[in-house]
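> File follows, query06.txt with compact mmCIF, C-alpha atoms and all ligand atoms:
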# COMPACT_ATOMS: atom_id res chain seq x y z
CA MET T 27 -19.76 -10.80 -1.89
CA ALA T 28 -19.61 -14.23 -0.29
CA TRP T 29 -19.81 -15.83 -3.71
CA GLY T 30 -17.04 -13.56 -4.97
CA ARG T 31 -14.80 -14.56 -2.09
CA THR T 32 -15.31 -18.23 -2.85
CA SER T 33 -14.82 -17.94 -6.58
CA GLY T 34 -11.45 -16.20 -6.11
CA LYS T 35 -9.95 -19.57 -5.31
CA ILE T 36 -11.63 -21.67 -8.03
CA LEU T 37 -9.75 -20.67 -11.14
CA SER T 38 -11.86 -22.54 -13.72
CA TRP T 39 -14.88 -20.46 -12.68
CA TYR T 40 -13.27 -17.38 -14.22
CA GLU T 41 -13.48 -18.88 -17.70
CA ASP T 42 -17.04 -20.09 -17.08
CA ILE T 43 -18.15 -16.65 -15.92
CA LEU T 44 -16.38 -14.76 -18.68
CA ASN T 45 -17.83 -17.06 -21.35
CA ALA T 46 -21.33 -17.12 -19.88
CA PRO T 47 -24.07 -16.60 -22.45
CA GLY T 48 -25.76 -13.20 -22.30
CA LYS T 49 -22.80 -11.36 -20.77
CA GLY T 50 -23.14 -8.78 -23.52
CA PRO T 51 -20.90 -8.66 -26.57
CA SER T 52 -19.69 -5.08 -26.43
CA LEU T 53 -19.08 -4.19 -22.79
CA PRO T 54 -15.50 -4.59 -21.57
CA ILE T 55 -15.30 -7.09 -18.72
CA LEU T 56 -12.92 -6.57 -15.81
CA ALA T 57 -12.28 -9.58 -13.58
CA LYS T 58 -12.18 -8.41 -9.96
CA MET T 59 -9.56 -10.01 -7.72
CA THR T 60 -9.85 -10.89 -4.06
CA PRO T 61 -6.84 -10.10 -1.84
CA ASN T 62 -7.82 -12.99 0.45
CA ILE T 63 -5.50 -15.32 -1.36
CA GLY T 64 -1.71 -15.63 -1.29
CA ASN T 65 -1.00 -15.27 -4.98
CA MET T 66 -3.32 -12.99 -6.95
CA GLU T 67 -1.48 -13.65 -10.21
CA LEU T 68 -3.07 -17.14 -10.47
CA PRO T 69 -6.73 -16.02 -10.70
CA ALA T 70 -5.61 -13.03 -12.81
CA LEU T 71 -3.92 -15.39 -15.28
CA ALA T 72 -7.05 -17.57 -15.36
CA ALA T 73 -9.19 -14.51 -16.03
CA ASN T 74 -6.80 -13.38 -18.76
CA GLU T 75 -6.94 -16.85 -20.34
CA GLY T 76 -10.72 -16.75 -20.07
CA GLY T 77 -10.87 -13.54 -22.11
CA ALA T 78 -11.18 -10.78 -19.51
CA ASP T 79 -10.54 -7.33 -20.97
CA GLY T 80 -8.82 -6.20 -17.79
CA ILE T 81 -8.17 -6.95 -14.14
CA ALA T 82 -9.63 -4.96 -11.23
CA ALA T 83 -8.02 -5.15 -7.78
CA ILE T 84 -8.39 -5.22 -4.88
CA ASN T 85 -11.60 -6.29 -3.19
CA THR T 86 -12.01 -6.00 0.58
CA ILE T 87 -9.69 -7.80 3.02
CA LYS T 88 -11.21 -10.38 5.38
CA SER T 89 -11.14 -8.98 8.88
CA LEU T 90 -12.66 -8.57 12.31
CA THR T 91 -12.94 -4.96 13.47
CA GLY T 92 -12.01 -5.79 17.07
CA ILE T 93 -13.54 -7.27 20.21
CA GLN T 94 -15.53 -4.99 22.52
CA LEU T 95 -14.29 -5.56 26.06
CA GLN T 96 -17.71 -4.94 27.63
CA THR T 97 -19.64 -7.40 25.48
CA PHE T 98 -16.89 -9.69 24.11
CA SER T 99 -18.44 -9.22 20.66
CA ALA T 100 -17.10 -7.67 17.48
CA PRO T 101 -18.87 -4.59 16.14
CA PRO T 102 -21.14 -4.48 14.22
CA SER T 103 -22.93 -7.20 16.16
CA VAL T 104 -26.33 -8.77 15.64
CA HIS T 105 -27.69 -9.90 18.99
CA GLY T 106 -24.09 -10.06 20.26
CA LYS T 107 -22.84 -12.12 17.30
CA SER T 108 -20.59 -10.97 14.52
CA ALA T 109 -18.82 -12.45 11.52
CA VAL T 110 -15.64 -12.06 9.51
CA SER T 111 -16.26 -9.38 6.91
CA GLY T 112 -14.45 -7.05 4.51
CA TYR T 113 -11.99 -4.28 5.43
CA SER T 114 -11.63 -1.35 3.03
CA GLY T 115 -10.54 2.29 2.90
CA LYS T 116 -7.31 4.14 3.64
CA ALA T 117 -5.75 1.38 5.77
CA ILE T 118 -5.71 -1.17 2.94
CA LYS T 119 -3.90 1.03 0.39
CA PRO T 120 -0.38 -0.37 1.00
CA ILE T 121 -1.71 -3.92 0.58
CA ALA T 122 -3.59 -2.94 -2.57
CA LEU T 123 -0.46 -1.31 -4.03
CA ARG T 124 1.54 -4.46 -3.34
CA PHE T 125 -1.00 -6.62 -5.20
CA ILE T 126 -1.10 -4.15 -8.11
CA ASN T 127 2.70 -4.33 -8.25
CA ASP T 128 2.54 -8.15 -8.31
CA LEU T 129 0.11 -8.05 -11.24
CA ALA T 130 1.90 -5.28 -13.13
CA CYS T 131 5.28 -7.00 -13.09
CA HIS T 132 4.03 -10.46 -14.03
CA PRO T 133 5.45 -11.22 -17.51
CA THR T 134 2.30 -12.92 -18.85
CA LEU T 135 -0.02 -10.26 -17.49
CA SER T 136 1.96 -7.27 -18.71
CA GLY T 137 -0.16 -5.30 -21.14
CA ILE T 138 -3.53 -6.31 -19.69
CA PRO T 139 -5.29 -3.15 -18.41
CA LEU T 140 -5.36 -2.82 -14.63
CA SER T 141 -8.05 -0.98 -12.70
CA GLY T 142 -6.76 -0.15 -9.23
CA MET T 143 -8.61 0.39 -5.98
CA GLY T 144 -8.25 0.08 -2.25
CA GLY T 145 -8.05 3.15 -0.03
CA VAL T 146 -8.06 5.86 -2.67
CA GLU T 147 -9.08 9.04 -0.89
CA THR T 148 -7.01 11.80 -2.54
CA TRP T 149 -5.62 12.47 -6.03
CA GLN T 150 -2.20 11.51 -4.71
CA ASP T 151 -3.55 8.07 -3.67
CA GLY T 152 -5.06 7.58 -7.14
CA LEU T 153 -1.85 8.65 -8.84
CA GLU T 154 0.13 6.07 -6.86
CA PHE T 155 -2.01 3.31 -8.39
CA ILE T 156 -1.51 4.83 -11.85
CA LEU T 157 2.26 5.08 -11.38
CA LEU T 158 2.33 1.37 -10.56
CA GLY T 159 0.54 0.49 -13.79
CA CYS T 160 -3.21 1.09 -13.42
CA SER T 161 -4.85 2.83 -16.36
CA ASN T 162 -7.84 3.74 -14.23
CA VAL T 163 -8.73 3.94 -10.55
CA GLN T 164 -11.90 3.11 -8.61
CA VAL T 165 -13.18 4.57 -5.35
CA THR T 166 -15.76 3.06 -2.99
CA THR T 167 -15.23 3.77 0.71
CA SER T 168 -14.16 7.40 0.28
CA VAL T 169 -17.27 8.15 -1.77
CA MET T 170 -19.34 6.55 1.00
CA GLN T 171 -17.55 8.73 3.55
CA TYR T 172 -17.39 12.05 1.71
CA GLY T 173 -19.82 11.76 -1.21
CA TYR T 174 -19.28 11.77 -4.98
CA ARG T 175 -18.00 15.34 -4.79
CA ILE T 176 -14.52 14.08 -3.89
CA ILE T 177 -14.16 12.79 -7.45
CA GLU T 178 -13.93 16.43 -8.57
CA ASP T 179 -11.07 16.96 -6.10
CA LEU T 180 -9.34 13.84 -7.40
CA THR T 181 -9.57 14.86 -11.06
CA SER T 182 -8.69 18.53 -10.53
CA GLY T 183 -5.75 17.64 -8.28
CA LEU T 184 -4.42 15.19 -10.85
CA GLN T 185 -4.87 17.69 -13.69
CA ALA T 186 -3.02 20.38 -11.72
CA PHE T 187 -0.15 17.95 -10.99
CA MET T 188 0.11 16.97 -14.66
CA ALA T 189 0.13 20.59 -15.82
CA GLU T 190 2.75 21.53 -13.22
CA GLN T 191 4.98 18.56 -14.10
CA GLY T 192 4.55 18.93 -17.87
CA PHE T 193 2.59 15.73 -18.56
CA SER T 194 0.06 16.08 -21.37
CA HIS T 195 -1.56 12.63 -21.25
CA LEU T 196 -2.34 10.31 -18.34
CA PHE T 197 -0.75 7.38 -20.16
CA GLU T 198 2.65 9.04 -19.72
CA LEU T 199 2.24 8.30 -16.01
CA VAL T 200 0.87 4.75 -16.21
CA GLY T 201 3.55 2.45 -14.79
CA ALA T 202 6.11 5.27 -14.51
CA ALA T 203 7.19 4.04 -11.05
CA ARG T 204 7.46 0.40 -12.07
CA SER T 205 11.21 0.33 -12.73
CA ASN T 206 11.84 1.66 -9.21
CA ILE T 207 10.30 -1.37 -7.54
CA ILE T 208 12.85 -4.17 -7.46
CA HIS T 209 13.30 -7.38 -5.50
CA ALA T 210 14.63 -6.96 -1.95
CA ASP T 211 17.69 -9.06 -2.85
CA GLU T 212 18.63 -6.52 -5.54
CA LEU T 213 18.77 -3.53 -3.19
CA ASP T 214 22.19 -1.99 -2.55
CA ARG T 215 23.41 -3.42 0.77
CA GLN T 216 26.89 -1.87 0.53
CA SER T 217 25.78 1.65 1.44
CA ILE T 218 24.05 3.26 4.41
CA VAL T 219 22.24 6.49 5.33
CA TYR T 220 23.10 7.57 8.87
CA PRO T 221 20.59 9.66 10.84
CA ILE T 222 21.52 13.25 11.64
CA ILE T 223 20.22 14.74 14.89
CA ASP T 224 19.31 18.43 14.88
CA ARG T 225 20.14 19.53 18.43
CA ASN T 226 18.27 22.81 17.99
CA LEU T 227 15.01 20.92 17.47
CA CYS T 228 15.64 18.05 19.89
CA LEU T 229 13.46 18.07 23.03
CA GLY T 230 15.54 15.48 24.85
CA CYS T 231 12.54 13.16 25.19
CA GLY T 232 14.60 10.00 24.63
CA ARG T 233 12.11 8.23 22.35
CA CYS T 234 14.72 7.65 19.65
CA TYR T 235 17.10 6.21 22.27
CA VAL T 236 14.47 3.79 23.64
CA SER T 237 13.41 2.61 20.18
CA CYS T 238 16.96 2.03 18.99
CA LEU T 239 17.87 0.32 22.28
CA ASP T 240 14.87 -2.01 22.37
CA ALA T 241 14.82 -2.65 18.62
CA GLY T 242 18.17 -4.30 19.14
CA HIS T 243 20.77 -1.92 17.72
CA GLN T 244 21.85 0.17 20.74
CA ALA T 245 23.39 2.73 18.41
CA LEU T 246 22.20 5.78 20.38
CA SER T 247 23.34 6.87 23.83
CA PHE T 248 21.35 9.17 26.10
CA GLY T 249 22.79 10.43 29.35
CA LYS T 250 21.60 12.53 32.27
CA ASP T 251 22.15 15.62 30.12
CA ARG T 252 19.39 14.24 27.80
CA VAL T 253 21.58 14.74 24.73
CA VAL T 254 21.45 11.94 22.13
CA HIS T 255 24.70 10.71 20.56
CA LEU T 256 25.05 8.34 17.61
CA ASN T 257 27.53 5.47 17.59
CA ALA T 258 27.91 5.02 13.82
CA LYS T 259 29.68 1.67 14.24
CA LYS T 260 26.48 0.15 15.65
CA CYS T 261 23.98 2.01 13.45
CA LYS T 262 22.16 -0.14 10.85
CA GLY T 263 20.53 2.80 9.06
CA CYS T 264 17.04 1.46 9.81
CA HIS T 265 15.66 5.00 10.47
CA LEU T 266 13.35 3.88 13.25
CA CYS T 267 14.67 6.86 15.22
CA LEU T 268 13.46 9.24 12.47
CA LEU T 269 10.01 7.69 12.53
CA VAL T 270 9.51 7.93 16.29
CA CYS T 271 10.91 11.43 16.87
CA PRO T 272 7.85 13.56 17.72
CA VAL T 273 9.34 16.82 16.45
CA GLY T 274 11.22 15.76 13.32
CA ALA T 275 14.59 16.49 14.90
CA ILE T 276 16.26 13.58 13.08
CA HIS T 277 16.74 13.58 9.33
CA PRO T 278 18.57 11.29 6.92
CA GLY T 279 22.13 12.15 5.96
CA LYS T 280 23.76 11.41 2.59
CA ARG T 281 24.01 7.81 1.38
CA VAL T 282 27.61 6.68 1.97
CA THR T 283 29.53 3.45 1.44
CA LYS T 284 29.41 1.20 4.50
CA PRO T 285 32.71 0.91 6.33
CA MET T 286 34.42 -2.45 5.67
CA PRO T 287 34.30 -4.75 8.73
CA LYS T 288 37.76 -5.17 10.30
CA GLU T 289 39.31 -8.63 9.66
C1 LIG T 301 -20.01 -1.48 1.70
C2 LIG T 301 -19.21 -2.08 0.60
C3 LIG T 301 -19.83 -2.92 -0.29
C4 LIG T 301 -19.09 -3.51 -1.33
N1 LIG T 301 -19.72 -4.35 -2.22
C5 LIG T 301 -19.01 -4.90 -3.23
C6 LIG T 301 -19.65 -5.74 -4.17
O1 LIG T 301 -20.84 -5.98 -4.11
N2 LIG T 301 -18.89 -6.28 -5.16
C7 LIG T 301 -17.55 -6.04 -5.25
O2 LIG T 301 -16.90 -6.56 -6.16
N3 LIG T 301 -16.92 -5.25 -4.37
C8 LIG T 301 -17.62 -4.67 -3.37
N4 LIG T 301 -16.98 -3.86 -2.46
C9 LIG T 301 -15.52 -3.69 -2.56
C10 LIG T 301 -15.14 -2.38 -3.24
O3 LIG T 301 -15.61 -2.33 -4.56
C11 LIG T 301 -13.61 -2.21 -3.25
O4 LIG T 301 -13.04 -3.27 -3.99
C12 LIG T 301 -12.99 -2.22 -1.88
O5 LIG T 301 -13.87 -1.65 -0.92
C13 LIG T 301 -11.65 -1.47 -1.85
O6 LIG T 301 -11.79 -0.14 -2.30
P1 LIG T 301 -12.06 1.13 -1.32
O7 LIG T 301 -10.99 1.13 -0.28
O8 LIG T 301 -12.05 2.31 -2.23
O9 LIG T 301 -13.41 0.90 -0.71
C14 LIG T 301 -17.70 -3.25 -1.45
C15 LIG T 301 -17.11 -2.39 -0.53
C16 LIG T 301 -17.83 -1.81 0.48
C17 LIG T 301 -17.13 -0.89 1.46
S1 LIG T 302 19.02 4.42 12.17
FE1 LIG T 302 18.31 2.64 13.35
S2 LIG T 302 20.17 1.76 14.16
FE2 LIG T 302 20.71 3.82 13.49
S3 LIG T 302 20.43 5.10 15.30
FE3 LIG T 302 18.49 5.16 14.22
S4 LIG T 302 17.26 3.51 15.14
FE4 LIG T 302 19.40 3.17 15.71
S1 LIG T 303 13.13 11.51 19.67
FE1 LIG T 303 13.66 13.46 18.74
S2 LIG T 303 13.23 14.96 20.31
FE2 LIG T 303 13.30 12.98 21.34
S3 LIG T 303 15.43 12.79 22.03
FE3 LIG T 303 15.32 11.83 20.02
S4 LIG T 303 15.91 13.46 18.59
FE4 LIG T 303 15.39 14.44 20.52
Let me see whether you can do it: turn the structure in this file into structure tokens.
Ligand SMILES: Cc1cc2nc3c(=O)[nH]c(=O)nc-3n(C[C@H](O)[C@H](O)[C@H](O)COP(=O)(O)O)c2cc1C
Ligand code: SF4
Ligand code: SF4

Amino acid sequence: MAWGRTSGKILSWYEDILNAPGKGPSLPILAKMTPNIGNMELPALAANEGGADGIAAINTIKSLTGIQLQTFSAPPSVHGKSAVSGYSGKAIKPIALRFINDLACHPTLSGIPLSGMGGVETWQDGLEFILLGCSNVQVTTSVMQYGYRIIEDLTSGLQAFMAEQGFSHLFELVGAARSNIIHADELDRQSIVYPIIDRNLCLGCGRCYVSCLDAGHQALSFGKDRVVHLNAKKCKGCHLCLLVCPVGAIHPGKRVTKPMPKE
């Protein structure tokens, strides 16, 4: 593991490893990428140049689990000492998906098979990697947690989804979400989705009001009657209020064109 972490930053090593004598002539070789680097495309390109048959990503993310307040050490500790080590499992999935997206949309890498991993626990998790461009998916932490049996759940869930949606081959799904991921600058900034408050569900707890107030928009008012009102002129459509509402009393309205600012 330590060697793998180091080699992720020394690009020429990829070619050396891939061309090493005795690697076996017939087995496909996937070059595994570390996420502990800013730009994963660089080692992936080096591995591609070096003859890798595919790219596997991601490895674990360097981390410290936390500091215990009684001992001032980070678990797991060895005689009170700990070290930076690798984070894996459910929490790293969004980071893994972002790296897979970076690889899948790189013009030189397009076409090289991607094997995705990082937090796959359910068939839906696995399918997300496939939709971004992975032709297969790997699972480590979840198997350690729940045993190999979960693989049956993953495959049967995926098969049921495909049958229900009318897909006959997995390759129809590989990269199917790719065109929906664009650069932030290309997103439509001329329209907005205002939140709609369902007064029948609202508990009057005020969490949406506090979040909107302290997040800097002040688009909600909340009086002594504990009824929330929206000031659409101040609303930025960030949907923080939807996320914090404990009972799902706020839902998104229709996307509408933003009002033109008055001259
Ligand atoms: C206990 C443990 C040991 C691991 N050992 C290796 C290893 O020896 N080589 C390697 O390339 N990746 C290793 N990994 C990383 C996994 O293969 C995988 O890339 C990473 O954990 C993300 O996937 P996951 O969230 O499904 O675990 C290890 C992961 C864990 C949790
Ligand atoms: S969408 Fe954002 S800005 Fe608009 S009311 Fe909700 S939290 Fe405030
Ligand atoms: S967070 Fe939800 S329940 Fe609480 S006041 Fe806002 S809309 Fe009502």
> I'd like a table as JSON lines: residues in chain T with an atom no more than 12 Å from ligand LIG 301 (chain T), each row giving the shortest atom pair and its distance in Å to one decimal, only C-alpha atoms and all ligand atoms counted, sorted by chain and rising residue number.

{"residue": "T:Met27", "atom": "CA", "partner": "T:LIG301", "partner_atom": "O1", "distance": 5.4}
{"residue": "T:Ala28", "atom": "CA", "partner": "T:LIG301", "partner_atom": "O1", "distance": 9.2}
{"residue": "T:Trp29", "atom": "CA", "partner": "T:LIG301", "partner_atom": "N2", "distance": 9.7}
{"residue": "T:Gly30", "atom": "CA", "partner": "T:LIG301", "partner_atom": "O2", "distance": 7.1}
{"residue": "T:Arg31", "atom": "CA", "partner": "T:LIG301", "partner_atom": "O2", "distance": 9.2}
{"residue": "T:Ser33", "atom": "CA", "partner": "T:LIG301", "partner_atom": "O2", "distance": 11.6}
{"residue": "T:Gly34", "atom": "CA", "partner": "T:LIG301", "partner_atom": "O2", "distance": 11.1}
{"residue": "T:Leu56", "atom": "CA", "partner": "T:LIG301", "partner_atom": "O2", "distance": 10.4}
{"residue": "T:Ala57", "atom": "CA", "partner": "T:LIG301", "partner_atom": "O2", "distance": 9.2}
{"residue": "T:Lys58", "atom": "CA", "partner": "T:LIG301", "partner_atom": "O2", "distance": 6.3}
{"residue": "T:Met59", "atom": "CA", "partner": "T:LIG301", "partner_atom": "O2", "distance": 8.3}
{"residue": "T:Thr60", "atom": "CA", "partner": "T:LIG301", "partner_atom": "O4", "distance": 8.3}
{"residue": "T:Pro61", "atom": "CA", "partner": "T:LIG301", "partner_atom": "O4", "distance": 9.5}
{"residue": "T:Asn62", "atom": "CA", "partner": "T:LIG301", "partner_atom": "O4", "distance": 11.9}
{"residue": "T:Ile81", "atom": "CA", "partner": "T:LIG301", "partner_atom": "O2", "distance": 11.8}
{"residue": "T:Ala82", "atom": "CA", "partner": "T:LIG301", "partner_atom": "O4", "distance": 8.2}
{"residue": "T:Ala83", "atom": "CA", "partner": "T:LIG301", "partner_atom": "O4", "distance": 6.6}
{"residue": "T:Ile84", "atom": "CA", "partner": "T:LIG301", "partner_atom": "O4", "distance": 5.1}
{"residue": "T:Asn85", "atom": "CA", "partner": "T:LIG301", "partner_atom": "O4", "distance": 3.4}
{"residue": "T:Thr86", "atom": "CA", "partner": "T:LIG301", "partner_atom": "C12", "distance": 4.6}
{"residue": "T:Ile87", "atom": "CA", "partner": "T:LIG301", "partner_atom": "C12", "distance": 8.1}
{"residue": "T:Lys88", "atom": "CA", "partner": "T:LIG301", "partner_atom": "C12", "distance": 11.1}
{"residue": "T:Ser111", "atom": "CA", "partner": "T:LIG301", "partner_atom": "C16", "distance": 10.1}
{"residue": "T:Gly112", "atom": "CA", "partner": "T:LIG301", "partner_atom": "C15", "distance": 7.4}
{"residue": "T:Tyr113", "atom": "CA", "partner": "T:LIG301", "partner_atom": "O5", "distance": 7.1}
{"residue": "T:Ser114", "atom": "CA", "partner": "T:LIG301", "partner_atom": "O7", "distance": 4.2}
{"residue": "T:Gly115", "atom": "CA", "partner": "T:LIG301", "partner_atom": "O7", "distance": 3.4}
{"residue": "T:Lys116", "atom": "CA", "partner": "T:LIG301", "partner_atom": "O7", "distance": 6.2}
{"residue": "T:Ala117", "atom": "CA", "partner": "T:LIG301", "partner_atom": "O7", "distance": 8.0}
{"residue": "T:Ile118", "atom": "CA", "partner": "T:LIG301", "partner_atom": "O7", "distance": 6.6}
{"residue": "T:Lys119", "atom": "CA", "partner": "T:LIG301", "partner_atom": "O7", "distance": 7.1}
{"residue": "T:Pro120", "atom": "CA", "partner": "T:LIG301", "partner_atom": "O7", "distance": 10.8}
{"residue": "T:Ile121", "atom": "CA", "partner": "T:LIG301", "partner_atom": "C13", "distance": 10.5}
{"residue": "T:Ala122", "atom": "CA", "partner": "T:LIG301", "partner_atom": "C13", "distance": 8.2}
{"residue": "T:Leu123", "atom": "CA", "partner": "T:LIG301", "partner_atom": "C13", "distance": 11.4}
{"residue": "T:Ser141", "atom": "CA", "partner": "T:LIG301", "partner_atom": "O4", "distance": 10.3}
{"residue": "T:Gly142", "atom": "CA", "partner": "T:LIG301", "partner_atom": "O6", "distance": 8.6}
{"residue": "T:Met143", "atom": "CA", "partner": "T:LIG301", "partner_atom": "O6", "distance": 4.9}
{"residue": "T:Gly144", "atom": "CA", "partner": "T:LIG301", "partner_atom": "O7", "distance": 3.5}
{"residue": "T:Gly145", "atom": "CA", "partner": "T:LIG301", "partner_atom": "O7", "distance": 3.6}
{"residue": "T:Val146", "atom": "CA", "partner": "T:LIG301", "partner_atom": "O8", "distance": 5.4}
{"residue": "T:Glu147", "atom": "CA", "partner": "T:LIG301", "partner_atom": "O8", "distance": 7.5}
{"residue": "T:Thr148", "atom": "CA", "partner": "T:LIG301", "partner_atom": "O8", "distance": 10.7}
{"residue": "T:Asp151", "atom": "CA", "partner": "T:LIG301", "partner_atom": "O8", "distance": 10.4}
{"residue": "T:Gly152", "atom": "CA", "partner": "T:LIG301", "partner_atom": "O8", "distance": 10.0}
{"residue": "T:Phe155", "atom": "CA", "partner": "T:LIG301", "partner_atom": "O8", "distance": 11.8}
{"residue": "T:Val163", "atom": "CA", "partner": "T:LIG301", "partner_atom": "O8", "distance": 9.1}
{"residue": "T:Gln164", "atom": "CA", "partner": "T:LIG301", "partner_atom": "O8", "distance": 6.4}
{"residue": "T:Val165", "atom": "CA", "partner": "T:LIG301", "partner_atom": "O8", "distance": 4.0}
{"residue": "T:Thr166", "atom": "CA", "partner": "T:LIG301", "partner_atom": "O8", "distance": 3.9}
{"residue": "T:Thr167", "atom": "CA", "partner": "T:LIG301", "partner_atom": "O9", "distance": 3.7}
{"residue": "T:Ser168", "atom": "CA", "partner": "T:LIG301", "partner_atom": "O8", "distance": 6.1}
{"residue": "T:Val169", "atom": "CA", "partner": "T:LIG301", "partner_atom": "O8", "distance": 7.8}
{"residue": "T:Met170", "atom": "CA", "partner": "T:LIG301", "partner_atom": "C17", "distance": 7.8}
{"residue": "T:Gln171", "atom": "CA", "partner": "T:LIG301", "partner_atom": "O9", "distance": 9.8}
{"residue": "T:Tyr172", "atom": "CA", "partner": "T:LIG301", "partner_atom": "O8", "distance": 11.8}
{"residue": "T:Ile177", "atom": "CA", "partner": "T:LIG301", "partner_atom": "O8", "distance": 11.9}
> Kindly provide, as a list in words, all nucleotide and amino acid residues lying within 7 Å of ligand LIG 302 (chain T), counting all atoms listed in the file.
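Based on all atoms listed in the file, ligand LIG 302 (chain T) is surrounded within 7 Å by Tyr220, Pro221, Cys234, Ser237, Cys238, His243, Gln244, Ala245, Leu246, Leu256, Lys260, Cys261, Lys262, Gly263, Cys264, His265, Leu266, Cys267 and Leu268 of chain T.
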> Point out the residue among T:Ser103, T:Asn206, T:Ser247, T:Asn162 with the least atom-to-atom distance to ligand LIG 303 (chain T), counting all atoms listed in the file.
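Of T:Ser103, T:Asn206, T:Ser247, T:Asn162, the one nearest ligand LIG 303 (chain T) is T:Ser247, counting all atoms listed in the file.
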> Just to confirm, what's the straight-line distance from CA of Tyr235 (chain T) to CA of Gly279 (chain T) in Å (one decimal)?
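Computing the Euclidean distance for CA of Tyr235 (chain T) and CA of Gly279 (chain T) yields 18.1 Å.
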> Could you give me the residues within 9 Å of ligand LIG 303 (chain T), counting all atoms listed in the file, as a VMD selection string?
chain T and resid 222 to 225 227 to 237 248 252 to 254 267 to 276
> Given all atoms listed in the file as the basis, pick out the residue of T:Pro278, T:Pro102, T:Gly80, T:Gly249 nearest to Ser136 (chain T).
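Smallest distance to Ser136 (chain T) is found for T:Gly80.
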> Return the single residue from T:Ala210, T:Ala189, T:Ile55, T:Leu95 that is closest to Gly76 (chain T), with distances computed using all atoms listed in the file.
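Smallest separation from Gly76 (chain T) among the options: T:Ile55.
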> So how many Å separate CA of Phe197 (chain T) and CA of Ala130 (chain T), to one decimal?
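Result for CA of Phe197 (chain T) versus CA of Ala130 (chain T): 14.7 Å, one decimal.
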> Which is closer to Ser52 (chain T) than all the others in T:Leu68, T:Ile126, T:His105, T:Asp79, using only C-alpha atoms?
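Smallest separation from Ser52 (chain T) among the options: T:Asp79.
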> Rounded to one decimal place, report the CA of Gly92 (chain T)-CA of Ala109 (chain T) distance in Å.
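Spanning CA of Gly92 (chain T) to CA of Ala109 (chain T) is a straight-line distance of 11.0 Å.
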> Which residues are close to Gly159 (chain T), i.e. within 8 Å by only C-alpha atoms, leaving aside same-chain residues fewer than 3 positions away? Reply as a PDB file with C-alpha atoms, in the coordinates of the input.

ATOM      1  CA  ILE T 126      -1.100  -4.150  -8.110  1.00  0.00           C
ATOM      2  CA  ASN T 127       2.700  -4.330  -8.250  1.00  0.00           C
ATOM      3  CA  ALA T 130       1.900  -5.280 -13.130  1.00  0.00           C
ATOM      4  CA  LEU T 140      -5.360  -2.820 -14.630  1.00  0.00           C
ATOM      5  CA  PHE T 155      -2.010   3.310  -8.390  1.00  0.00           C
ATOM      6  CA  ILE T 156      -1.510   4.830 -11.850  1.00  0.00           C
ATOM      7  CA  VAL T 200       0.870   4.750 -16.210  1.00  0.00           C
ATOM      8  CA  GLY T 201       3.550   2.450 -14.790  1.00  0.00           C
ATOM      9  CA  ALA T 202       6.110   5.270 -14.510  1.00  0.00           C
ATOM     10  CA  ARG T 204       7.460   0.400 -12.070  1.00  0.00           C
TER      11      ARG T 204
END
